[in-house]
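Asker: Input upload-v5.cif, format and content: mmCIF, C-alpha atoms.
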data_structure
#
loop_
_atom_site.label_atom_id
_atom_site.label_comp_id
_atom_site.auth_asym_id
_atom_site.auth_seq_id
_atom_site.Cartn_x
_atom_site.Cartn_y
_atom_site.Cartn_z
CA MET J 1 -58.74 129.54 37.87
CA PRO J 2 -56.20 126.67 38.12
CA LYS J 3 -54.98 125.16 34.86
CA LEU J 4 -56.20 121.77 33.74
CA THR J 5 -53.62 119.03 33.30
CA VAL J 6 -52.96 116.99 30.18
CA ALA J 7 -50.56 114.05 30.18
CA SER J 8 -48.59 114.00 26.92
CA TYR J 9 -47.85 110.33 26.20
CA CYS J 10 -44.97 109.77 23.78
CA THR J 11 -43.34 106.34 23.94
CA THR J 12 -39.91 107.78 23.11
CA PHE J 13 -39.33 111.34 24.29
CA LEU J 14 -37.84 112.35 21.93
CA LYS J 15 -36.23 111.19 18.70
CA PRO J 16 -34.27 113.88 16.81
CA GLU J 17 -37.00 114.26 14.19
CA MET J 18 -39.73 114.94 16.79
CA LEU J 19 -39.16 118.67 17.21
CA HIS J 20 -42.83 119.32 16.38
CA ILE J 21 -43.89 117.36 19.46
CA TYR J 22 -41.43 119.23 21.66
CA ARG J 23 -42.84 122.53 20.42
CA GLN J 24 -46.36 121.46 21.31
CA VAL J 25 -45.47 120.12 24.75
CA THR J 26 -43.44 123.18 25.72
CA GLY J 27 -45.77 125.68 24.06
CA LEU J 28 -48.99 125.05 26.00
CA ASP J 29 -50.47 128.13 27.62
CA LYS J 30 -53.88 127.50 29.19
CA TRP J 31 -53.22 123.85 29.95
CA ARG J 32 -50.24 122.48 31.85
CA THR J 33 -48.59 119.22 30.92
CA TYR J 34 -46.15 116.56 31.94
CA VAL J 35 -44.78 113.81 29.71
CA VAL J 36 -45.26 110.07 30.09
CA ALA J 37 -42.64 108.00 28.27
CA LYS J 38 -40.97 104.62 28.24
CA ASP J 39 -37.69 105.89 26.83
CA ARG J 40 -35.91 109.23 27.31
CA ARG J 41 -33.54 110.47 24.58
CA GLU J 42 -31.94 113.65 23.30
CA GLU J 43 -32.17 115.43 26.67
CA GLY J 44 -29.64 118.02 25.53
CA ARG J 45 -31.56 118.78 22.37
CA TYR J 46 -34.97 118.65 24.05
CA PRO J 47 -34.69 119.66 27.72
CA PHE J 48 -37.83 119.03 29.76
CA ASP J 49 -37.89 118.45 33.49
CA ASP J 50 -41.27 116.83 34.06
CA VAL J 51 -41.05 113.36 32.51
CA GLU J 52 -42.74 110.39 34.18
CA MET J 53 -41.46 106.93 33.27
CA PRO J 54 -43.79 104.33 34.87
CA PRO J 55 -41.69 101.59 36.48
CA ALA J 56 -41.68 98.09 35.11
CA VAL J 57 -43.95 95.87 37.19
CA LYS J 58 -42.37 92.77 38.70
CA SER J 59 -44.00 89.64 37.37
CA ASN J 60 -46.12 87.51 39.72
CA PHE J 61 -46.54 84.17 37.99
CA VAL J 62 -49.76 83.16 39.73
CA ARG J 63 -51.43 86.56 39.20
CA ARG J 64 -50.24 86.75 35.61
CA PHE J 65 -51.52 83.23 34.87
CA TRP J 66 -54.90 84.09 36.41
CA MET J 67 -55.23 87.38 34.53
CA LYS J 68 -54.05 85.97 31.20
CA TYR J 69 -55.69 82.55 31.01
CA ILE J 70 -58.63 82.71 33.39
CA LYS J 71 -59.74 86.36 33.16
CA LYS J 72 -58.60 86.62 29.50
CA GLU J 73 -57.22 90.11 30.09
CA PRO J 74 -55.14 91.83 27.37
CA PRO J 75 -51.33 92.00 27.74
CA ILE J 76 -51.37 95.64 28.87
CA VAL J 77 -53.38 94.49 31.92
CA TYR J 78 -51.76 91.18 32.87
CA ARG J 79 -48.26 92.58 32.38
CA GLY J 80 -49.02 95.40 34.78
CA GLU J 81 -48.71 98.31 32.36
CA TYR J 82 -52.30 99.40 32.94
CA GLY J 83 -51.85 99.70 36.68
CA ALA J 84 -48.53 101.53 36.42
CA LEU J 85 -49.91 104.10 33.96
CA ALA J 86 -53.18 104.55 35.85
CA GLY J 87 -51.16 105.12 39.00
CA VAL J 88 -49.15 107.93 37.40
CA LEU J 89 -52.21 109.63 35.90
CA GLY J 90 -54.10 109.41 39.18
CA ARG J 91 -51.23 110.70 41.28
CA ARG J 92 -50.82 113.66 38.93
CA ASP J 93 -54.57 114.48 39.01
CA THR J 94 -54.70 114.27 35.22
CA ASP J 95 -57.74 115.65 33.39
CA LEU J 96 -56.95 114.39 29.88
CA LEU J 97 -54.49 112.07 28.12
CA HIS J 98 -53.00 113.05 24.75
CA ILE J 99 -51.39 110.08 23.02
CA TYR J 100 -48.94 110.89 20.24
CA PHE J 101 -49.11 108.53 17.23
CA GLY J 102 -51.88 106.16 16.25
CA HIS J 103 -49.88 102.96 16.73
CA THR J 104 -49.31 103.93 20.37
CA GLY J 105 -53.04 104.53 20.69
CA VAL J 106 -53.68 101.01 19.35
CA HIS J 107 -51.30 99.59 21.96
CA LEU J 108 -53.07 101.52 24.70
CA LEU J 109 -56.60 100.77 23.48
CA PRO J 110 -57.43 98.47 26.45
CA PHE J 111 -56.30 101.27 28.76
CA ILE J 112 -58.34 103.87 26.89
CA ARG J 113 -61.46 101.72 27.26
CA ARG J 114 -61.04 101.47 31.03
CA TRP J 115 -59.60 104.81 32.09
CA PRO J 116 -62.44 107.07 33.31
CA LYS J 117 -61.07 110.30 31.78
CA PRO J 118 -61.01 111.53 28.16
CA VAL J 119 -58.26 110.53 25.72
CA VAL J 120 -57.28 112.06 22.38
CA VAL J 121 -54.82 110.65 19.84
CA SER J 122 -52.90 112.62 17.22
CA PHE J 123 -51.98 111.04 13.88
CA HIS J 124 -48.85 112.12 12.05
CA GLY J 125 -48.51 110.08 8.84
CA ALA J 126 -46.81 106.70 9.19
CA ASP J 127 -49.34 105.66 11.81
CA VAL J 128 -52.20 105.28 9.29
CA ARG J 129 -50.52 102.62 7.17
CA PRO J 130 -51.03 98.85 7.41
CA ARG J 131 -48.40 96.96 9.41
CA ALA J 132 -47.38 93.60 8.02
CA ASP J 133 -45.67 92.68 11.27
CA ARG J 134 -48.86 93.26 13.30
CA PRO J 135 -51.76 91.11 12.05
CA GLY J 136 -55.08 92.73 12.80
CA TYR J 137 -53.53 96.18 13.25
CA LEU J 138 -55.99 97.96 10.96
CA ASP J 139 -58.93 96.35 12.72
CA SER J 140 -57.56 97.54 16.06
CA LEU J 141 -56.96 100.98 14.58
CA LYS J 142 -60.59 101.17 13.46
CA GLN J 143 -61.70 100.19 16.98
CA LEU J 144 -59.49 102.94 18.41
CA LEU J 145 -61.02 105.53 16.09
CA ALA J 146 -64.51 104.48 17.17
CA GLU J 147 -63.59 104.68 20.86
CA LEU J 148 -62.11 108.19 20.95
CA PRO J 149 -64.17 111.37 21.47
CA LEU J 150 -61.87 113.35 19.14
CA VAL J 151 -59.07 112.44 16.75
CA MET J 152 -56.34 114.80 15.56
CA ALA J 153 -54.73 114.78 12.11
CA ARG J 154 -51.87 116.97 10.90
CA SER J 155 -53.29 117.49 7.43
CA GLU J 156 -56.43 117.20 5.35
CA SER J 157 -54.88 114.25 3.49
CA LEU J 158 -54.45 112.38 6.77
CA LYS J 159 -58.00 113.29 7.70
CA ALA J 160 -59.21 111.73 4.45
CA ARG J 161 -57.24 108.57 5.22
CA LEU J 162 -58.81 108.36 8.68
CA VAL J 163 -62.27 108.74 7.14
CA ASP J 164 -61.40 105.90 4.74
CA LEU J 165 -60.57 103.80 7.81
CA GLY J 166 -64.06 104.41 9.15
CA CYS J 167 -63.53 107.36 11.48
CA ALA J 168 -66.54 109.66 11.69
CA GLU J 169 -65.52 112.87 9.93
CA GLU J 170 -67.22 115.06 12.54
CA LYS J 171 -64.84 113.88 15.29
CA ILE J 172 -61.61 114.68 13.39
CA ARG J 173 -59.81 117.93 14.15
CA ILE J 174 -56.88 119.33 12.14
CA ASN J 175 -53.89 119.82 14.45
CA ARG J 176 -51.19 121.50 12.41
CA THR J 177 -47.57 122.01 13.34
CA GLY J 178 -46.79 125.48 14.62
CA ILE J 179 -43.54 127.16 13.61
CA PRO J 180 -41.79 129.76 15.81
CA MET J 181 -41.29 132.34 13.09
CA ASP J 182 -38.78 134.38 15.08
CA ALA J 183 -36.41 131.38 14.92
CA PHE J 184 -36.59 131.38 11.11
CA PRO J 185 -36.51 135.01 9.95
CA ILE J 186 -36.71 135.99 6.30
CA ALA J 187 -33.23 135.78 4.79
CA ASP J 188 -31.68 138.32 2.43
CA ARG J 189 -30.51 136.20 -0.52
CA LYS J 190 -28.78 137.04 -3.76
CA PHE J 191 -29.75 135.33 -6.98
CA PRO J 192 -26.90 132.97 -7.99
CA ALA J 193 -26.40 134.31 -11.49
CA ASP J 194 -23.09 132.42 -11.75
CA GLY J 195 -24.87 129.07 -11.40
CA SER J 196 -23.71 128.34 -7.85
CA TRP J 197 -27.15 127.12 -6.77
CA HIS J 198 -27.48 125.70 -3.28
CA PHE J 199 -30.36 123.32 -2.73
CA VAL J 200 -31.24 121.86 0.64
CA GLN J 201 -33.42 119.03 1.95
CA ALA J 202 -33.92 118.42 5.67
CA CYS J 203 -35.54 115.15 6.72
CA ARG J 204 -35.01 111.62 7.95
CA LEU J 205 -33.28 109.56 5.29
CA ILE J 206 -36.18 107.22 4.61
CA GLU J 207 -38.09 106.16 1.52
CA LYS J 208 -41.11 108.46 1.77
CA LYS J 209 -38.90 111.58 1.64
CA GLY J 210 -38.15 110.95 -2.05
CA LEU J 211 -34.40 111.47 -1.79
CA ARG J 212 -33.58 109.25 -4.78
CA THR J 213 -35.82 111.44 -6.93
CA ALA J 214 -34.14 114.55 -5.53
CA PHE J 215 -30.65 113.21 -6.31
CA LYS J 216 -31.54 112.27 -9.88
CA ALA J 217 -33.11 115.66 -10.53
CA PHE J 218 -30.16 117.48 -9.03
CA ALA J 219 -27.71 115.42 -11.10
CA SER J 220 -29.48 116.56 -14.26
CA PHE J 221 -29.59 120.19 -13.11
CA ALA J 222 -25.96 120.28 -11.96
CA ALA J 223 -24.52 118.75 -15.15
CA GLY J 224 -23.77 122.17 -16.62
CA ARG J 225 -23.28 124.02 -13.35
CA PRO J 226 -20.04 123.10 -11.59
CA GLY J 227 -20.82 125.45 -8.68
CA ALA J 228 -24.15 123.85 -7.77
CA LYS J 229 -24.41 121.90 -4.50
CA PHE J 230 -27.01 120.02 -2.48
CA THR J 231 -26.98 119.78 1.33
CA ILE J 232 -28.87 116.99 3.10
CA ALA J 233 -29.66 117.71 6.76
CA GLY J 234 -30.76 114.58 8.56
CA ALA J 235 -29.88 110.96 9.16
CA GLY J 236 -31.47 107.59 8.62
CA PRO J 237 -31.19 104.08 7.22
CA LEU J 238 -30.83 105.14 3.57
CA GLN J 239 -27.65 107.18 4.00
CA GLU J 240 -25.22 104.55 2.74
CA GLU J 241 -27.42 103.79 -0.25
CA LEU J 242 -27.75 107.49 -1.04
CA GLU J 243 -24.01 107.99 -0.82
CA GLU J 244 -23.57 105.20 -3.36
CA LEU J 245 -26.26 106.71 -5.58
CA ALA J 246 -24.44 110.06 -5.52
CA ILE J 247 -21.27 108.32 -6.71
CA ASP J 248 -23.17 106.50 -9.47
CA LEU J 249 -24.71 109.81 -10.61
CA GLY J 250 -21.35 111.59 -10.52
CA ILE J 251 -22.49 114.17 -7.95
CA ASP J 252 -20.78 112.86 -4.82
CA GLY J 253 -18.54 115.95 -4.74
CA LYS J 254 -21.61 118.20 -4.81
CA ILE J 255 -23.65 116.41 -2.10
CA GLU J 256 -23.01 117.02 1.59
CA PHE J 257 -24.62 115.05 4.41
CA VAL J 258 -24.56 117.13 7.60
CA GLY J 259 -26.76 115.03 9.91
CA PHE J 260 -29.48 116.36 12.18
CA LEU J 261 -28.97 120.03 13.03
CA SER J 262 -30.08 122.22 15.91
CA GLU J 263 -32.80 124.77 15.27
CA ALA J 264 -30.23 127.56 14.99
CA GLU J 265 -27.99 125.53 12.68
CA LEU J 266 -30.91 124.62 10.47
CA GLY J 267 -31.99 128.25 10.26
CA ALA J 268 -28.48 129.23 9.20
CA LEU J 269 -28.43 126.48 6.57
CA PHE J 270 -31.73 127.66 5.11
CA ALA J 271 -30.45 131.23 5.02
CA SER J 272 -27.47 130.08 2.94
CA ALA J 273 -29.58 128.14 0.43
CA HIS J 274 -31.56 129.14 -2.65
CA ALA J 275 -34.37 126.54 -2.70
CA PHE J 276 -35.80 123.76 -0.54
CA VAL J 277 -36.37 120.36 -2.14
CA HIS J 278 -38.81 117.77 -0.75
CA PRO J 279 -40.20 115.27 -3.33
CA SER J 280 -42.15 113.09 -0.90
CA GLN J 281 -43.82 109.90 -2.09
CA VAL J 282 -46.19 107.21 -0.85
CA THR J 283 -44.25 104.03 -0.12
CA GLY J 284 -45.19 100.46 -0.94
CA GLU J 285 -46.32 100.12 2.67
CA GLN J 286 -48.63 103.16 2.26
CA ASP J 287 -46.47 105.41 4.43
CA GLN J 288 -47.17 109.08 3.71
CA GLU J 289 -46.40 112.59 4.95
CA GLY J 290 -48.55 114.99 6.88
CA VAL J 291 -47.04 118.44 6.39
CA PRO J 292 -43.22 118.31 6.61
CA ASN J 293 -41.98 120.51 9.46
CA ALA J 294 -38.66 121.40 7.87
CA MET J 295 -40.45 122.55 4.74
CA LEU J 296 -42.49 125.02 6.79
CA GLU J 297 -39.34 126.31 8.49
CA ALA J 298 -37.67 126.75 5.11
CA MET J 299 -40.71 128.67 3.85
CA ALA J 300 -40.45 131.01 6.84
CA THR J 301 -36.98 132.08 5.65
CA ALA J 302 -38.44 132.80 2.16
CA LEU J 303 -37.03 129.72 0.43
CA PRO J 304 -38.96 128.66 -2.68
CA ILE J 305 -40.25 125.10 -2.38
CA LEU J 306 -39.71 122.36 -4.97
CA ALA J 307 -41.81 119.40 -3.90
CA THR J 308 -44.48 116.90 -4.91
CA LYS J 309 -48.26 116.76 -4.92
CA HIS J 310 -48.15 114.46 -1.94
CA GLY J 311 -49.92 114.22 1.41
CA GLY J 312 -50.30 117.56 3.13
CA ILE J 313 -47.71 119.39 1.01
CA PRO J 314 -50.29 121.07 -1.30
CA GLU J 315 -52.10 122.33 1.82
CA ALA J 316 -49.03 124.40 2.68
CA VAL J 317 -47.55 125.14 -0.75
CA ASP J 318 -49.74 126.67 -3.45
CA HIS J 319 -48.33 125.52 -6.78
CA GLY J 320 -46.98 128.40 -8.82
CA SER J 321 -47.36 130.79 -5.91
CA ALA J 322 -45.11 129.62 -3.03
CA GLY J 323 -43.38 126.79 -4.86
CA LEU J 324 -43.49 124.35 -7.73
CA LEU J 325 -45.10 120.94 -7.24
CA VAL J 326 -44.58 117.91 -9.48
CA GLU J 327 -45.88 114.35 -9.47
CA GLU J 328 -44.30 111.81 -7.15
CA ARG J 329 -41.13 110.05 -8.39
CA ASP J 330 -40.87 112.34 -11.44
CA ASP J 331 -37.22 113.39 -11.37
CA VAL J 332 -37.45 114.84 -14.91
CA ALA J 333 -40.22 117.24 -13.86
CA LEU J 334 -38.35 118.10 -10.64
CA ALA J 335 -35.20 118.91 -12.63
CA ALA J 336 -37.31 121.12 -14.92
CA ALA J 337 -38.65 122.93 -11.85
CA MET J 338 -35.09 123.55 -10.69
CA GLU J 339 -34.24 124.84 -14.15
CA SER J 340 -37.23 127.19 -14.18
CA LEU J 341 -35.91 128.91 -11.07
CA ALA J 342 -32.41 129.19 -12.50
CA VAL J 343 -33.56 131.08 -15.59
CA ASP J 344 -36.11 133.37 -13.96
CA GLU J 345 -34.99 135.54 -11.04
CA ALA J 346 -38.40 137.18 -10.77
CA LEU J 347 -40.09 133.79 -10.35
CA TRP J 348 -37.48 132.71 -7.77
CA ARG J 349 -38.05 135.84 -5.68
CA SER J 350 -41.81 135.75 -6.04
CA LEU J 351 -42.06 132.12 -4.88
CA GLY J 352 -39.84 132.75 -1.86
CA ASN J 353 -41.66 135.89 -0.78
CA GLN J 354 -45.05 134.20 -1.06
CA ALA J 355 -43.80 131.14 0.86
CA ALA J 356 -42.78 133.36 3.77
CA GLU J 357 -46.12 135.16 3.74
CA ASP J 358 -48.23 131.99 3.49
CA VAL J 359 -46.50 130.08 6.28
CA ARG J 360 -46.97 133.00 8.65
CA LYS J 361 -50.68 133.08 7.90
CA ARG J 362 -51.30 129.33 8.23
CA PHE J 363 -48.73 127.86 10.61
CA GLY J 364 -47.92 130.36 13.35
CA GLN J 365 -46.91 128.76 16.65
CA ALA J 366 -49.27 130.75 18.89
CA GLU J 367 -52.28 130.10 16.67
CA GLN J 368 -51.64 126.38 16.45
CA ILE J 369 -51.11 126.02 20.21
CA ALA J 370 -54.39 127.86 20.80
CA ASN J 371 -56.08 125.46 18.38
CA LEU J 372 -54.63 122.45 20.22
CA GLU J 373 -55.89 123.73 23.54
CA ARG J 374 -59.36 124.27 22.05
CA ILE J 375 -59.32 120.60 21.03
CA TYR J 376 -58.44 119.65 24.61
CA ASP J 377 -61.30 121.80 25.90
CA GLU J 378 -63.72 120.23 23.44
CA ALA J 379 -62.68 116.66 24.28
CA LEU J 380 -63.19 117.37 27.98
CA ALA J 381 -66.61 118.92 27.30
CA ILE J 382 -67.68 115.91 25.23
CA HIS J 383 -66.60 113.57 28.02
CA GLU J 384 -68.45 115.55 30.67
CA ARG J 385 -71.58 115.72 28.52
CA ARG J 386 -71.54 111.96 27.98
CA GLY J 387 -71.12 111.47 31.72
CA SER J 388 -74.14 113.60 32.51
CA GLU J 389 -76.25 111.73 29.95
CA SER J 390 -75.40 108.27 31.24
#
Before anything else, please render the file you have as structure tokens.
Answerer:
Amino acid sequence: MPKLTVASYCTTFLKPEMLHIYRQVTGLDKWRTYVVAKDRREEGRYPFDDVEMPPAVKSNFVRRFWMKYIKKEPPIVYRGEYGALAGVLGRRDTDLLHIYFGHTGVHLLPFIRRWPKPVVVSFHGADVRPRADRPGYLDSLKQLLAELPLVMARSESLKARLVDLGCAEEKIRINRTGIPMDAFPIADRKFPADGSWHFVQACRLIEKKGLRTAFKAFASFAAGRPGAKFTIAGAGPLQEELEELAIDLGIDGKIEFVGFLSEAELGALFASAHAFVHPSQVTGEQDQEGVPNAMLEAMATALPILATKHGGIPEAVDHGSAGLLVEERDDVALAAAMESLAVDEALWRSLGNQAAEDVRKRFGQAEQIANLERIYDEALAIHERRGSES
């Protein structure tokens, strides 16, 4: 039986932090896919041959005036984006469209309403927050949620947020990140009895990752431990501010920024570390996490997790079993969690071992890809059933 075709729509394919999307796109088994994008980046990091970039449509003033002012069509139609995208999907005999990120779904809502095939949208965290620069965004988001046959969320916390926005709970499916466990094997670590603790955090350098809290906690922990260090893997707009904070806290010689790393480099970094830190927080703009990918990868190598009771983190990390969770923005409690590991080797080993076991049970790549393809199958079945009833 020939495979069905899903078009994976990701406006930018791909930013460095979008490894989870690359793993989904390249991991499909029963379905085949191609990518639709407006911008192509990181081709060396994320090689993928089948990327369609619909051409920009040349403007026809008379037609555009007619469509915009007489027909009152939305911008996606009168600017020609609808026709260009529909042309690609039709030429590729596409059975289903998977749109990554809710804000992209909002942009494509007029297309979704007109295209005669099923569409699903996956939500990842930042795409459920209000947008001050886009008046009416939440209203459009609610309309999108009502229009779709199925909606995907990366965590139960995101699911709850979607329900709060008016999405029918019965149409939401959890679509977790899958981790290739063979790329992050369990590491053989020695307890740093001499105090040379190595903490690591891997993320974009943005507010919701809680890096200021992590730095303050580490500064307290490292005060009596000259051999302690903290590696930050990632990049982002807060780097300069964080570098200044490290100087102010007197830990600039203990902090190393190494930028975004390859999968192999990140695995090696985790293997060299003793604990993974990720004190995520809800921002003033209501930006929140799903389940951090790097945290799952760190767990796979048997790193204990020191994080917050935020977003989807408690769904992956059982407090006291696979890690220690504190309240958001509480650097004192986070420092105490660091200290508890340093004085109790049995706890340190137990947390790491359980983290490795739990992530393999809940976030295996093959299982999560199979779940994604079941969601595709279900969306197609719902669409066909509605067609037969109309």
Asker: Please evaluate the PyMOL selection byres ((chain J and resi 211) around 10) against the structure above and give the resulting residues as a ChimeraX atom specification.
Answerer: /J:201,203-210,212-217,232,238-239,242,277-281,329
Asker: Any idea what's packed within 12 Å of J:Glu265, counting all atoms listed in the file, ignoring anything in its chain fewer than 4 positions away? Could you give it as a PyMOL selection string?
Answerer: chain J and resi 183-184+202+233+258-261+269-272
Asker: Name all residues at most 10 Å from J:Gly227 (count all atoms listed in the file; drop same-chain ones fewer than 5 positions away) and give them as a PyMOL selection string.
Answerer: chain J and resi 192+194-198+222+254
Asker: Evaluate the PyMOL selection byres ((chain J and resi 2) around 12) against this structure - the residues, as a VMD selection string, please.
Answerer: chain J and resid 1 3 to 5 30 to 32
Asker: Tell me, as JSON, numbers by chain, which residues lie within 8 Å of J:Glu52, counting only C-alpha atoms; anything in the same chain fewer than 3 positions away does not count.
Answerer: {"J": [34, 35, 36, 37, 88]}
